[in-house]
$ cat work_35.tsv   # TSV, C-alpha atoms
chain	number	residue	atom	x	y	z
B	1	MET	CA	-32.44	85.31	16.27
B	2	GLN	CA	-32.04	82.95	13.36
B	3	PHE	CA	-33.68	83.76	10.10
B	4	GLY	CA	-34.30	80.59	8.14
B	5	LEU	CA	-33.62	81.70	4.58
B	6	ASP	CA	-34.15	78.17	3.31
B	7	LYS	CA	-37.51	78.08	5.02
B	8	PHE	CA	-38.42	81.47	3.65
B	9	PHE	CA	-37.83	80.40	0.07
B	10	GLY	CA	-39.74	77.23	0.84
B	11	ILE	CA	-40.59	74.69	-1.79
B	12	GLY	CA	-39.77	77.10	-4.61
B	13	GLN	CA	-36.07	76.32	-4.73
B	14	GLN	CA	-36.67	72.56	-4.75
B	15	ALA	CA	-39.22	72.93	-7.52
B	16	LEU	CA	-36.73	75.01	-9.51
B	17	LYS	CA	-34.15	72.23	-9.24
B	18	ILE	CA	-36.62	69.61	-10.42
B	19	HIS	CA	-37.73	71.81	-13.31
B	20	SER	CA	-34.14	72.24	-14.46
B	21	ARG	CA	-33.57	68.50	-14.15
B	22	ARG	CA	-36.72	67.84	-16.14
B	23	ALA	CA	-35.58	70.28	-18.83
B	24	GLU	CA	-32.41	68.21	-19.13
B	25	VAL	CA	-34.33	64.95	-19.51
B	26	LEU	CA	-36.63	66.44	-22.14
B	27	ALA	CA	-33.68	67.94	-24.03
B	28	GLY	CA	-32.17	64.44	-24.05
B	29	ASN	CA	-35.38	63.06	-25.54
B	30	LEU	CA	-35.39	65.73	-28.25
B	31	ALA	CA	-31.72	65.13	-29.09
B	32	ASN	CA	-32.44	61.41	-29.52
B	33	VAL	CA	-35.47	61.87	-31.73
B	34	ASP	CA	-33.82	59.79	-34.50
B	35	THR	CA	-31.85	57.31	-32.36
B	36	PRO	CA	-32.97	53.72	-32.98
B	37	GLY	CA	-34.16	51.95	-29.84
B	38	TYR	CA	-34.16	55.07	-27.66
B	39	LYS	CA	-37.02	55.19	-25.16
B	40	ALA	CA	-38.38	58.61	-24.16
B	41	ARG	CA	-38.29	59.38	-20.45
B	42	ASP	CA	-39.79	61.98	-18.18
B	43	ILE	CA	-39.77	62.99	-14.52
B	44	ASP	CA	-42.93	62.58	-12.48
B	45	PHE	CA	-42.91	66.10	-11.05
B	46	LYS	CA	-45.29	65.50	-8.17
B	47	ALA	CA	-43.55	62.36	-6.96
B	48	ALA	CA	-40.15	64.02	-7.38
B	49	LEU	CA	-41.19	67.02	-5.33
B	50	GLN	CA	-42.50	64.74	-2.60
B	51	GLN	CA	-39.21	62.89	-2.65
B	52	VAL	CA	-37.10	66.04	-2.42
B	53	LYS	CA	-39.30	67.46	0.31
B	54	GLY	CA	-38.72	64.28	2.28
B	55	GLY	CA	-42.46	63.90	2.49
B	56	MET	CA	-42.25	60.21	1.76
B	57	GLY	CA	-40.51	59.52	5.02
B	58	ASP	CA	-36.88	59.50	5.99
B	59	VAL	CA	-35.33	56.45	4.36
B	60	ALA	CA	-32.06	55.57	6.02
B	61	LEU	CA	-29.60	52.75	5.38
B	62	ARG	CA	-29.39	50.13	8.07
B	63	THR	CA	-26.06	50.07	9.93
B	64	THR	CA	-24.94	46.59	10.92
B	65	ASN	CA	-21.42	47.57	11.92
B	66	PRO	CA	-20.27	50.45	14.11
B	67	ASN	CA	-17.88	51.51	11.34
B	68	HIS	CA	-20.76	52.12	8.95
B	69	ILE	CA	-21.56	55.72	8.29
B	70	ASN	CA	-24.99	56.68	9.50
B	71	SER	CA	-26.97	57.81	6.50
B	72	ALA	CA	-29.98	59.09	8.40
B	73	GLY	CA	-30.88	62.66	7.70
B	74	THR	CA	-29.23	62.80	4.30
B	75	SER	CA	-32.12	61.49	2.27
B	76	PRO	CA	-34.57	64.39	2.11
B	77	GLY	CA	-33.62	67.30	-0.06
B	78	ARG	CA	-31.15	65.44	-2.24
B	79	ILE	CA	-31.74	66.39	-5.83
B	80	ASP	CA	-30.31	63.11	-7.13
B	81	ASP	CA	-33.26	61.31	-5.58
B	82	VAL	CA	-35.31	62.89	-8.33
B	83	LEU	CA	-33.77	60.45	-10.78
B	84	GLY	CA	-35.62	57.68	-8.98
B	85	GLU	CA	-38.83	59.31	-10.15
B	86	MET	CA	-37.88	59.04	-13.80
B	87	LYS	CA	-40.31	56.99	-15.86
B	88	TYR	CA	-40.46	55.81	-19.44
B	89	ARG	CA	-43.15	57.46	-21.48
B	90	ILE	CA	-45.99	55.31	-22.80
B	91	PRO	CA	-45.67	55.61	-26.59
B	92	SER	CA	-48.68	56.57	-28.65
B	93	GLN	CA	-47.13	55.58	-31.96
B	94	PRO	CA	-43.72	53.90	-31.61
B	95	SER	CA	-41.62	53.68	-34.75
B	96	LEU	CA	-40.35	50.45	-36.27
B	97	ASP	CA	-36.79	51.02	-35.03
B	98	GLY	CA	-37.94	50.99	-31.40
B	99	ASN	CA	-37.76	54.75	-30.86
B	100	THR	CA	-40.61	56.10	-28.72
B	101	VAL	CA	-39.88	59.85	-28.90
B	102	ASP	CA	-42.89	61.87	-30.04
B	103	SER	CA	-41.17	65.13	-30.91
B	104	LEU	CA	-44.37	67.21	-30.73
B	105	LYS	CA	-45.20	65.90	-27.27
B	106	GLU	CA	-41.64	66.46	-26.09
B	107	LYS	CA	-41.50	69.96	-27.51
B	108	SER	CA	-44.70	71.01	-25.77
B	109	ALA	CA	-43.54	69.40	-22.52
B	110	PHE	CA	-40.25	71.29	-22.80
B	111	MET	CA	-42.04	74.57	-23.40
B	112	GLU	CA	-44.43	73.98	-20.51
B	113	ASN	CA	-41.52	73.11	-18.25
B	114	ALA	CA	-39.64	76.27	-19.29
B	115	LEU	CA	-42.70	78.39	-18.50
B	116	LEU	CA	-43.14	76.77	-15.09
B	117	TYR	CA	-39.45	77.35	-14.39
B	118	GLN	CA	-39.86	81.03	-15.18
B	119	THR	CA	-42.99	81.25	-13.06
B	120	ASN	CA	-41.04	79.77	-10.19
B	121	LEU	CA	-38.26	82.28	-10.76
B	122	GLN	CA	-40.80	85.06	-10.65
B	123	PHE	CA	-42.05	83.89	-7.26
B	124	LEU	CA	-38.54	83.61	-5.88
B	125	GLY	CA	-37.69	87.06	-7.25
B	126	GLY	CA	-40.76	88.43	-5.48
B	127	LYS	CA	-39.62	86.93	-2.22
B	128	ILE	CA	-36.18	88.45	-2.61
B	129	LYS	CA	-37.80	91.82	-3.21
B	130	HIS	CA	-39.73	91.39	0.04
B	131	ILE	CA	-36.54	90.77	1.99
B	132	LYS	CA	-34.86	93.72	0.32
B	133	SER	CA	-37.67	96.09	1.20
B	134	ALA	CA	-37.67	94.78	4.77
B	135	LEU	CA	-33.91	95.34	5.01
B	136	LYS	CA	-34.10	98.86	3.66
B	137	GLY	CA	-36.88	99.74	6.05
B	138	GLU	CA	-38.27	102.44	3.83
Z	1	MET	CA	-25.88	72.32	-13.07
Z	2	SER	CA	-28.46	70.62	-15.18
Z	3	LEU	CA	-29.20	73.74	-17.25
Z	4	LEU	CA	-25.59	73.71	-18.44
Z	5	ASN	CA	-25.87	70.03	-19.37
Z	6	ILE	CA	-28.65	70.95	-21.76
Z	7	PHE	CA	-26.15	72.82	-23.92
Z	8	ASP	CA	-24.07	69.64	-24.21
Z	9	ILE	CA	-27.13	67.59	-25.08
Z	10	ALA	CA	-28.55	70.04	-27.60
Z	11	GLY	CA	-25.06	70.50	-29.05
Z	12	SER	CA	-24.63	66.75	-29.54
Z	13	GLY	CA	-28.03	66.68	-31.22
Z	14	MET	CA	-27.13	69.52	-33.56
Z	15	SER	CA	-23.80	68.01	-34.57
Z	16	ALA	CA	-25.42	64.62	-35.21
Z	17	GLN	CA	-28.13	66.16	-37.36
Z	18	ALA	CA	-25.57	68.29	-39.20
Z	19	LEU	CA	-23.64	65.12	-40.03
Z	20	ARG	CA	-26.86	63.55	-41.27
Z	21	LEU	CA	-27.44	66.59	-43.50
Z	22	ASN	CA	-23.87	66.16	-44.71
Z	23	THR	CA	-24.41	62.55	-45.78
Z	24	THR	CA	-27.66	63.54	-47.47
Z	25	ALA	CA	-25.91	66.29	-49.39
Z	26	SER	CA	-23.21	63.84	-50.41
Z	27	ASN	CA	-25.81	61.29	-51.54
Z	28	LEU	CA	-27.73	63.87	-53.56
Z	29	ALA	CA	-24.58	65.28	-55.15
Z	30	ASN	CA	-23.47	61.81	-56.21
Z	31	ALA	CA	-26.89	60.61	-57.35
Z	32	GLU	CA	-25.73	60.50	-60.97
Z	33	SER	CA	-22.08	59.56	-60.52
Z	34	VAL	CA	-21.51	56.99	-63.26
Z	35	SER	CA	-18.96	54.20	-62.97
Z	36	ARG	CA	-17.71	51.24	-64.96
Z	37	SER	CA	-18.47	48.41	-62.50
Z	38	SER	CA	-20.89	47.80	-59.65
Z	39	ALA	CA	-18.01	47.44	-57.14
Z	40	GLU	CA	-16.74	50.98	-57.63
Z	41	THR	CA	-20.16	52.65	-57.76
Z	42	TYR	CA	-21.04	55.19	-55.09
Z	43	ARG	CA	-23.54	53.81	-52.55
Z	44	ALA	CA	-25.94	55.87	-50.43
Z	45	ARG	CA	-24.54	56.58	-46.97
Z	46	GLN	CA	-26.51	56.89	-43.74
Z	47	PRO	CA	-25.27	57.74	-40.24
Z	48	VAL	CA	-26.14	55.47	-37.30
Z	49	PHE	CA	-27.13	57.30	-34.11
Z	50	SER	CA	-26.97	56.02	-30.56
Z	51	ALA	CA	-27.70	57.53	-27.16
Z	52	VAL	CA	-24.55	58.43	-25.21
Z	53	MET	CA	-24.54	57.49	-21.56
Z	54	LYS	CA	-22.51	59.72	-19.26
Z	55	ALA	CA	-19.45	58.41	-17.45
Z	56	LEU	CA	-20.05	56.39	-14.32
Z	57	GLY	CA	-20.60	58.37	-11.14
Z	58	GLU	CA	-22.42	61.18	-12.83
Z	59	THR	CA	-26.17	61.33	-12.67
Z	60	PRO	CA	-27.45	60.51	-16.15
Z	61	ALA	CA	-30.59	62.62	-16.29
Z	62	GLY	CA	-30.49	63.80	-19.87
Z	63	VAL	CA	-28.85	61.74	-22.55
Z	64	GLY	CA	-27.02	63.16	-25.58
Z	65	VAL	CA	-26.66	61.56	-28.97
Z	66	GLN	CA	-23.58	60.37	-30.82
Z	67	VAL	CA	-22.82	59.07	-34.29
Z	68	ASP	CA	-21.67	55.46	-34.08
Z	69	GLY	CA	-20.65	55.27	-37.70
Z	70	ILE	CA	-21.73	55.60	-41.27
Z	71	VAL	CA	-23.14	52.64	-43.16
Z	72	GLU	CA	-23.45	52.22	-46.91
Z	73	SER	CA	-26.76	51.10	-48.33
Z	74	GLN	CA	-26.81	47.43	-49.39
Z	75	ALA	CA	-29.48	47.99	-52.02
Z	76	PRO	CA	-28.43	46.91	-55.54
Z	77	VAL	CA	-26.97	49.66	-57.73
Z	78	ARG	CA	-28.79	50.65	-60.88
Z	79	HIS	CA	-27.38	49.66	-64.27
Z	80	GLN	CA	-28.29	50.97	-67.68
Z	81	TYR	CA	-27.51	49.84	-71.19
Z	82	GLU	CA	-25.72	52.75	-72.84
Z	83	PRO	CA	-23.07	51.48	-75.23
Z	84	GLY	CA	-22.25	55.01	-76.41
Z	85	HIS	CA	-21.33	56.22	-72.92
Z	86	PRO	CA	-17.59	56.75	-72.35
Z	87	MET	CA	-17.81	54.87	-69.02
Z	88	ALA	CA	-19.67	51.87	-70.48
Z	89	ASN	CA	-18.07	48.45	-69.88
Z	90	GLU	CA	-17.43	45.87	-72.58
Z	91	SER	CA	-21.08	44.68	-72.51
Z	92	GLY	CA	-22.26	48.29	-72.92
Z	93	TYR	CA	-23.56	48.86	-69.37
Z	94	ILE	CA	-22.98	51.79	-67.05
Z	95	PHE	CA	-23.58	51.66	-63.28
Z	96	LEU	CA	-25.42	54.34	-61.27
Z	97	PRO	CA	-25.61	54.77	-57.46
Z	98	ASN	CA	-28.49	53.31	-55.42
Z	99	VAL	CA	-29.47	56.77	-54.14
Z	100	SER	CA	-33.22	57.20	-53.75
Z	101	MET	CA	-34.15	60.83	-54.35
Z	102	ALA	CA	-37.43	60.67	-52.41
Z	103	GLU	CA	-35.73	59.04	-49.44
Z	104	GLU	CA	-32.95	61.62	-49.40
Z	105	MET	CA	-35.35	64.57	-49.60
Z	106	ALA	CA	-37.38	63.17	-46.68
Z	107	ASN	CA	-34.16	62.61	-44.77
Z	108	MET	CA	-33.05	66.16	-45.43
Z	109	ILE	CA	-36.30	67.67	-44.14
Z	110	SER	CA	-36.29	65.43	-41.06
Z	111	ALA	CA	-32.67	66.33	-40.27
Z	112	SER	CA	-33.20	70.07	-40.66
Z	113	ARG	CA	-36.33	70.00	-38.47
Z	114	SER	CA	-34.51	68.06	-35.78
Z	115	TYR	CA	-31.61	70.50	-35.98
Z	116	GLN	CA	-34.05	73.39	-35.52
Z	117	THR	CA	-35.60	71.71	-32.50
Z	118	ASN	CA	-32.22	71.30	-30.83
Z	119	ALA	CA	-31.28	74.89	-31.58
Z	120	GLU	CA	-34.58	76.00	-30.06
Z	121	VAL	CA	-33.92	73.95	-26.93
Z	122	ALA	CA	-30.51	75.58	-26.52
Z	123	LYS	CA	-32.05	79.02	-27.00
Z	124	THR	CA	-34.75	78.42	-24.39
Z	125	SER	CA	-32.20	77.07	-21.93
Z	126	LYS	CA	-30.10	80.17	-22.44
Z	127	GLN	CA	-33.07	82.35	-21.65
Z	128	LEU	CA	-33.81	80.36	-18.49
Z	129	PHE	CA	-30.18	80.60	-17.48
Z	130	MET	CA	-30.02	84.37	-18.00
Z	131	ARG	CA	-33.20	84.87	-16.02
Z	132	THR	CA	-31.85	82.74	-13.20
Z	133	LEU	CA	-28.69	84.84	-13.13
Z	134	SER	CA	-30.68	88.04	-12.85
Z	135	LEU	CA	-32.73	86.66	-9.97
Z	136	GLY	CA	-33.35	89.25	-7.28
Z	137	GLN	CA	-32.23	92.25	-9.29

$ encode --input "work_35.tsv" --output "structure tokens"
Amino acid sequence: MQFGLDKFFGIGQQALKIHSRRAEVLAGNLANVDTPGYKARDIDFKAALQQVKGGMGDVALRTTNPNHINSAGTSPGRIDDVLGEMKYRIPSQPSLDGNTVDSLKEKSAFMENALLYQTNLQFLGGKIKHIKSALKGE
Amino acid sequence: MSLLNIFDIAGSGMSAQALRLNTTASNLANAESVSRSSAETYRARQPVFSAVMKALGETPAGVGVQVDGIVESQAPVRHQYEPGHPMANESGYIFLPNVSMAEEMANMISASRSYQTNAEVAKTSKQLFMRTLSLGQ
């Protein structure tokens, strides 16, 4: 019998990856708070999760030559696809030098993201505990 | 690992802001440095920041910051008529730097706040990382 560990953890692990990627993007925004011309970016979490889940359909490259490598089946679940869901933030008060980072907004987004990451960890930890107790059979 | 990249990004932010604090300190320290001619007068320095894009092939999710260089202010230097001053030129003028105190103080506060933010980001990332490591224990 095969026990699908990936399936057991479900969407949680994908969400964790996106949260960590989002933390990186937001940290980049905060580091560039005084960089002239820098445009703040963010990840659209919902769209990114859909993308990683493969819920938007399996997008494969067309092969026109038998030597081409078939790309089908590689597209869902790739964390790099998340970068396609990166958007520029709409500035509320852009500065004269073209910088659109609102440090307060970015800070709260970073905090929120960190909390969600920890929530996700908590869920995953719970699932691991379940497996452990099942294995012990106490 | 994107959580590890955050340390690079926050670190680049901290070093850039520290350099900015450095130039501010230098400007404030030299605010009253007198000289004989306008050419040799100290001029206010400011760093120029730019976003650093990762090398090709890597996924550029977060972007760090780098210091492109330091520029000197082009504002005219102050001159004062003080014939009794030992540094006065033949017409009796001394030259003072074009450092604006208000500007430098604002710069200093902005730099230290930004530094704090980056330090906070690194701290939070460390916490997330440690909690991830202890997953399932």

$ closest_atom_pairs --input "work_35.tsv" --of "chain B" --to "chain Z" --cutoff "6 Å" --atoms "all atoms listed in the file" --output "JSON lines"
{"residue": "B:Ser20", "atom": "CA", "partner": "Z:Leu3", "partner_atom": "CA", "distance": 5.9}
{"residue": "B:Arg21", "atom": "CA", "partner": "Z:Ser2", "partner_atom": "CA", "distance": 5.6}
{"residue": "B:Glu24", "atom": "CA", "partner": "Z:Gly62", "partner_atom": "CA", "distance": 4.9}
{"residue": "B:Val25", "atom": "CA", "partner": "Z:Gly62", "partner_atom": "CA", "distance": 4.0}
{"residue": "B:Gly28", "atom": "CA", "partner": "Z:Val63", "partner_atom": "CA", "distance": 4.5}
{"residue": "B:Ala31", "atom": "CA", "partner": "Z:Gly13", "partner_atom": "CA", "distance": 4.5}
{"residue": "B:Asn32", "atom": "CA", "partner": "Z:Val65", "partner_atom": "CA", "distance": 5.8}
{"residue": "B:Thr35", "atom": "CA", "partner": "Z:Phe49", "partner_atom": "CA", "distance": 5.0}
{"residue": "B:Gly125", "atom": "CA", "partner": "Z:Gly136", "partner_atom": "CA", "distance": 4.9}
{"residue": "B:Ile128", "atom": "CA", "partner": "Z:Gly136", "partner_atom": "CA", "distance": 5.5}

$ atom_distance --input "work_35.tsv" --atom1 "atom CA of Z:Ser26" --atom2 "atom CA of Z:Ala44"
8.4 Å

$ atom_distance --input "work_35.tsv" --atom1 "atom CA of Z:Gln80" --atom2 "atom CA of Z:Ile94"
5.4 Å

$ atom_distance --input "work_35.tsv" --atom1 "atom CA of Z:Asn89" --atom2 "atom CA of Z:Ala75"
21.2 Å

$ axis_aligned_box --input "work_35.tsv" --around "stretch 96-99 of chain B" --padding-each-side "6 Å" --output "AutoDock Vina command-line options"
--center_x -38.6 --center_y 52.6 --center_z -33.6 --size_x 15.6 --size_y 16.3 --size_z 17.4

$ residues_around --input "work_35.tsv" --residues "Z:Ala88" --least-positions-apart "3" --cutoff "12 Å" --atoms "all atoms listed in the file" --output "ChimeraX atom specification"
/Z:34-38,79-85,91-96

$ residues_around --input "work_35.tsv" --residues "B:Gly98" --least-positions-apart "4" --cutoff "7 Å" --atoms "only C-alpha atoms" --output "PyMOL selection string"
chain B and resi 36-38+94

$ residues_around --input "work_35.tsv" --residues "stretch 103-106 of chain Z" --least-positions-apart "5" --cutoff "8 Å" --atoms "all atoms listed in the file" --output "MDAnalysis selection string"
chainID Z and resid 24 27:28

$ residues_around --input "work_35.tsv" --residues "B:Lys7" --least-positions-apart "6" --cutoff "12 Å" --atoms "all atoms listed in the file" --output "ChimeraX atom specification"
/B:13-14,53,127

$ write_last_selection --input "work_35.tsv" --atoms "C-alpha atoms" --output "PDB file, keeping the file's coordinate frame"
ATOM      1  CA  GLN B  13     -36.070  76.320  -4.730  1.00  0.00           C
ATOM      2  CA  GLN B  14     -36.670  72.560  -4.750  1.00  0.00           C
ATOM      3  CA  LYS B  53     -39.300  67.460   0.310  1.00  0.00           C
ATOM      4  CA  LYS B 127     -39.620  86.930  -2.220  1.00  0.00           C
TER       5      LYS B 127
END

$ build_atoms --input "work_35.tsv" --residues "stretch 20-44 of chain Z" --atoms "N, CA and C atoms" --output "compact mmCIF listing (two decimals), in the coordinates of the input"
# COMPACT_ATOMS: atom_id res chain seq x y z
N ARG Z 20 -25.85 64.22 -40.46
CA ARG Z 20 -26.86 63.55 -41.27
C ARG Z 20 -27.15 64.37 -42.53
N LEU Z 21 -27.23 65.71 -42.35
CA LEU Z 21 -27.44 66.59 -43.50
C LEU Z 21 -26.28 66.46 -44.48
N ASN Z 22 -25.08 66.31 -43.90
CA ASN Z 22 -23.87 66.16 -44.71
C ASN Z 22 -23.93 64.93 -45.59
N THR Z 23 -24.32 63.79 -44.99
CA THR Z 23 -24.41 62.55 -45.78
C THR Z 23 -25.49 62.69 -46.85
N THR Z 24 -26.59 63.35 -46.48
CA THR Z 24 -27.66 63.54 -47.47
C THR Z 24 -27.17 64.38 -48.64
N ALA Z 25 -26.45 65.44 -48.32
CA ALA Z 25 -25.91 66.29 -49.39
C ALA Z 25 -24.98 65.49 -50.28
N SER Z 26 -24.14 64.65 -49.65
CA SER Z 26 -23.21 63.84 -50.41
C SER Z 26 -23.96 62.85 -51.31
N ASN Z 27 -25.02 62.24 -50.75
CA ASN Z 27 -25.81 61.29 -51.54
C ASN Z 27 -26.47 61.98 -52.74
N LEU Z 28 -27.04 63.17 -52.47
CA LEU Z 28 -27.73 63.87 -53.56
C LEU Z 28 -26.74 64.33 -54.63
N ALA Z 29 -25.57 64.78 -54.19
CA ALA Z 29 -24.58 65.28 -55.15
C ALA Z 29 -24.08 64.15 -56.03
N ASN Z 30 -24.01 62.94 -55.46
CA ASN Z 30 -23.47 61.81 -56.21
C ASN Z 30 -24.55 60.92 -56.83
N ALA Z 31 -25.77 61.44 -56.88
CA ALA Z 31 -26.89 60.61 -57.35
C ALA Z 31 -26.67 60.12 -58.78
N GLU Z 32 -25.92 60.88 -59.56
CA GLU Z 32 -25.73 60.50 -60.97
C GLU Z 32 -24.27 60.20 -61.28
N SER Z 33 -23.49 59.86 -60.27
CA SER Z 33 -22.08 59.56 -60.52
C SER Z 33 -21.95 58.19 -61.19
N VAL Z 34 -21.55 58.22 -62.46
CA VAL Z 34 -21.51 56.99 -63.26
C VAL Z 34 -20.19 56.27 -63.02
N SER Z 35 -20.22 54.94 -63.04
CA SER Z 35 -18.96 54.20 -62.97
C SER Z 35 -19.02 52.95 -63.85
N ARG Z 36 -17.85 52.33 -63.99
CA ARG Z 36 -17.71 51.24 -64.96
C ARG Z 36 -18.19 49.90 -64.42
N SER Z 37 -18.04 49.69 -63.07
CA SER Z 37 -18.47 48.41 -62.50
C SER Z 37 -19.27 48.64 -61.24
N SER Z 38 -20.02 47.63 -60.82
CA SER Z 38 -20.89 47.80 -59.65
C SER Z 38 -20.07 47.95 -58.37
N ALA Z 39 -18.83 47.40 -58.36
CA ALA Z 39 -18.01 47.44 -57.14
C ALA Z 39 -17.55 48.86 -56.83
N GLU Z 40 -17.26 49.64 -57.87
CA GLU Z 40 -16.74 50.98 -57.63
C GLU Z 40 -17.81 52.07 -57.71
N THR Z 41 -19.08 51.66 -57.72
CA THR Z 41 -20.16 52.65 -57.76
C THR Z 41 -20.39 53.24 -56.38
N TYR Z 42 -20.71 54.52 -56.36
CA TYR Z 42 -21.04 55.19 -55.09
C TYR Z 42 -22.32 54.57 -54.52
N ARG Z 43 -22.32 54.32 -53.20
CA ARG Z 43 -23.54 53.81 -52.55
C ARG Z 43 -24.03 54.81 -51.51
N ALA Z 44 -25.35 54.90 -51.37
CA ALA Z 44 -25.94 55.87 -50.43
C ALA Z 44 -25.43 55.62 -49.01
